[in-house]
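Enquirer: Can you keep this structure in mind? I'll have questions shortly.
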Amino acid sequence: MKLPSEAELLRIFVGESDKRHGRPLYELLVEEARKRGMAGATVVRGYLGFGANSRIHTAKILRLSEDLPVIVEIVDTTERIEEFIPVLDDWIQEGLVTREKVQIVAYRHADPSTP
């Protein structure tokens, strides 16, 4: 896939325990992005954070069962990001979604025929 030098980054902040139909929400978001042929998605697990309710979520030893923050990042064209927004409106009950312009420096995959 060829991306223009200008694209968008969609950043979705949810909780690790957020579910949809019994499955982790972050997994479903990545699967949906892949199904739609989007350029790429990454999930990052946070060690510490808080959201709108100001409750601290942490990975400290004594609190391992807490709901840690998770960030799903998706990069693609403005049009594809725009088409993905209704999914978020429907699926995300609690969280934060941001969008920003990004400049693509490189987007490559390894050629399997190259040793």
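Chain labels run A, B, ... following the order of the structure tokens; each chain numbers its residues from 1, and ligands are numbered from 1 in the order shown.
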Name all residues at most 6 Å from Asp67 of chain A (count only C-alpha atoms; drop same-chain ones fewer than 5 positions away) and give them as a CSV table (one decimal) with N, CA and C atoms, in the first residue's frame.
Expert:
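Output saved as result-v5.csv:
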```
chain,number,residue,atom,x,y,z
A,15,GLY,N,-9.6,1.4,28.3
A,15,GLY,CA,-9.1,0.6,29.4
A,15,GLY,C,-8.9,-0.8,28.9
A,16,GLU,N,-7.9,-1.4,29.6
A,16,GLU,CA,-7.5,-2.8,29.2
A,16,GLU,C,-8.7,-3.8,29.4
A,17,SER,N,-9.6,-3.5,30.4
A,17,SER,CA,-10.7,-4.4,30.6
A,17,SER,C,-12.0,-4.0,29.8
```
Enquirer: Which residues, written as a ChimeraX atom specification, have at least one atom at most 9 Å from Gln93 of chain A, with only C-alpha atoms counted and residues fewer than 4 positions away on the same chain left out?
Expert: /A:18,88-89
Enquirer: Taking only C-alpha atoms into account, name the residue in A:Gly49, A:Pro69, A:Ile74, A:Gly40 that is nearest to Arg99 of chain A.
Expert: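 Closest residue, counting only C-alpha atoms: A:Ile74.
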Enquirer: Which residues come within 12 Å of Glu31 of chain A, counting only C-alpha atoms, excluding same-chain residues fewer than 3 positions away, as a list in words?
Expert: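 Near neighbours after the sequence-gap exclusion: Arg23, Pro24, Leu25, Tyr26, Glu27, Leu28, Arg34, Lys35, Arg36, Gly37, Met38, Gly40, Ala41, Thr42, Val43, Val72 and Ile74 of chain A.
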Enquirer: For the residues selected in the previous step, produce a file with N, CA and C atoms as a PDB file, in the first residue's frame.
Expert:
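selection-v4.pdb written:
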```
ATOM      1  N   ARG A  23     -15.180  -9.629  24.281  1.00  0.00           N
ATOM      2  CA  ARG A  23     -13.786  -9.607  23.804  1.00  0.00           C
ATOM      3  C   ARG A  23     -13.154  -8.259  24.098  1.00  0.00           C
ATOM      4  N   PRO A  24     -11.833  -8.219  24.279  1.00  0.00           N
ATOM      5  CA  PRO A  24     -11.170  -6.940  24.520  1.00  0.00           C
ATOM      6  C   PRO A  24     -11.428  -5.955  23.382  1.00  0.00           C
ATOM      7  N   LEU A  25     -11.833  -4.751  23.746  1.00  0.00           N
ATOM      8  CA  LEU A  25     -12.163  -3.727  22.758  1.00  0.00           C
ATOM      9  C   LEU A  25     -10.963  -3.397  21.876  1.00  0.00           C
ATOM     10  N   TYR A  26      -9.769  -3.320  22.466  1.00  0.00           N
ATOM     11  CA  TYR A  26      -8.590  -2.965  21.676  1.00  0.00           C
ATOM     12  C   TYR A  26      -8.328  -4.001  20.578  1.00  0.00           C
ATOM     13  N   GLU A  27      -8.565  -5.279  20.857  1.00  0.00           N
ATOM     14  CA  GLU A  27      -8.393  -6.315  19.829  1.00  0.00           C
ATOM     15  C   GLU A  27      -9.389  -6.128  18.694  1.00  0.00           C
ATOM     16  N   LEU A  28     -10.629  -5.866  19.044  1.00  0.00           N
ATOM     17  CA  LEU A  28     -11.662  -5.690  18.024  1.00  0.00           C
ATOM     18  C   LEU A  28     -11.389  -4.469  17.152  1.00  0.00           C
ATOM     19  N   ARG A  34      -7.923  -3.704  10.303  1.00  0.00           N
ATOM     20  CA  ARG A  34      -7.315  -4.629   9.323  1.00  0.00           C
ATOM     21  C   ARG A  34      -8.337  -5.067   8.284  1.00  0.00           C
ATOM     22  N   LYS A  35      -9.538  -5.396   8.754  1.00  0.00           N
ATOM     23  CA  LYS A  35     -10.608  -5.812   7.849  1.00  0.00           C
ATOM     24  C   LYS A  35     -10.916  -4.728   6.816  1.00  0.00           C
ATOM     25  N   ARG A  36     -10.796  -3.467   7.216  1.00  0.00           N
ATOM     26  CA  ARG A  36     -11.069  -2.342   6.326  1.00  0.00           C
ATOM     27  C   ARG A  36      -9.877  -1.996   5.434  1.00  0.00           C
ATOM     28  N   GLY A  37      -8.754  -2.732   5.591  1.00  0.00           N
ATOM     29  CA  GLY A  37      -7.582  -2.504   4.755  1.00  0.00           C
ATOM     30  C   GLY A  37      -6.796  -1.260   5.134  1.00  0.00           C
ATOM     31  N   MET A  38      -6.887  -0.847   6.385  1.00  0.00           N
ATOM     32  CA  MET A  38      -6.168   0.350   6.808  1.00  0.00           C
ATOM     33  C   MET A  38      -4.670   0.068   6.850  1.00  0.00           C
ATOM     34  N   GLY A  40      -2.216   0.555   9.045  1.00  0.00           N
ATOM     35  CA  GLY A  40      -1.574  -0.076  10.185  1.00  0.00           C
ATOM     36  C   GLY A  40      -2.209   0.334  11.495  1.00  0.00           C
ATOM     37  N   ALA A  41      -2.064  -0.544  12.493  1.00  0.00           N
ATOM     38  CA  ALA A  41      -2.582  -0.274  13.834  1.00  0.00           C
ATOM     39  C   ALA A  41      -1.641  -0.887  14.851  1.00  0.00           C
ATOM     40  N   THR A  42      -1.499  -0.230  15.976  1.00  0.00           N
ATOM     41  CA  THR A  42      -0.644  -0.704  17.060  1.00  0.00           C
ATOM     42  C   THR A  42      -1.353  -0.480  18.379  1.00  0.00           C
ATOM     43  N   VAL A  43      -1.210  -1.431  19.293  1.00  0.00           N
ATOM     44  CA  VAL A  43      -1.764  -1.294  20.637  1.00  0.00           C
ATOM     45  C   VAL A  43      -0.603  -1.132  21.605  1.00  0.00           C
ATOM     46  N   VAL A  72      -4.740   2.572  21.271  1.00  0.00           N
ATOM     47  CA  VAL A  72      -4.747   1.984  19.932  1.00  0.00           C
ATOM     48  C   VAL A  72      -4.428   3.116  18.970  1.00  0.00           C
ATOM     49  N   ILE A  74      -3.860   4.181  14.981  1.00  0.00           N
ATOM     50  CA  ILE A  74      -4.121   3.780  13.606  1.00  0.00           C
ATOM     51  C   ILE A  74      -3.680   4.920  12.697  1.00  0.00           C
TER      52      ILE A  74
END
```
Enquirer: Which of these, A:Ser5, A:Ile81, A:Arg108, A:Val70, has the shortest distance to Phe50 of chain A once you count only C-alpha atoms?
Expert: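 Ranked by minimum distance to Phe50 of chain A, first place goes to A:Val70.
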Enquirer: Could you give me, as a tab-separated table (two decimals) with C-alpha atoms, in the first residue's frame, the residues within 7 Å of Asp76 of chain A, counting only C-alpha atoms and dropping anything in the same chain fewer than 3 positions from it?
Expert:
```
chain	number	residue	atom	x	y	z
A	7	ALA	CA	-1.75	11.19	6.65
A	8	GLU	CA	-3.61	11.08	9.95
A	9	LEU	CA	-3.00	9.37	13.27
A	38	MET	CA	-6.17	0.35	6.81
A	39	ALA	CA	-2.43	1.01	6.65
A	80	ARG	CA	-10.13	6.23	5.75
A	81	ILE	CA	-9.80	7.65	9.25
```
Enquirer: Please extract the residues of segment 8-103 of chain A with a backbone DSSP assignment of strand (DSSP E or B) and present them as a PyMOL selection string.
Expert: chain A and resi 8-15+19-20+23-24+40-45+48-50+56-58+69-76+96-103
Enquirer: Distance atom CA of Ile71 of chain A-atom CA of Val14 of chain A, one decimal place?
Expert: 6.4 Å
Enquirer: What is the atom CA of Glu82 of chain A-atom CA of Tyr107 of chain A distance in Å, reported with one decimal?
Expert: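 Going from atom CA of Glu82 of chain A over to atom CA of Tyr107 of chain A, I get 20.6 Å.
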Enquirer: Which is closest to Phe13 of chain A among A:Glu79, A:Gln103, A:His109, A:Arg45, if we use only C-alpha atoms?
Expert: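 For Phe13 of chain A, the nearest of the candidates is A:Arg45.
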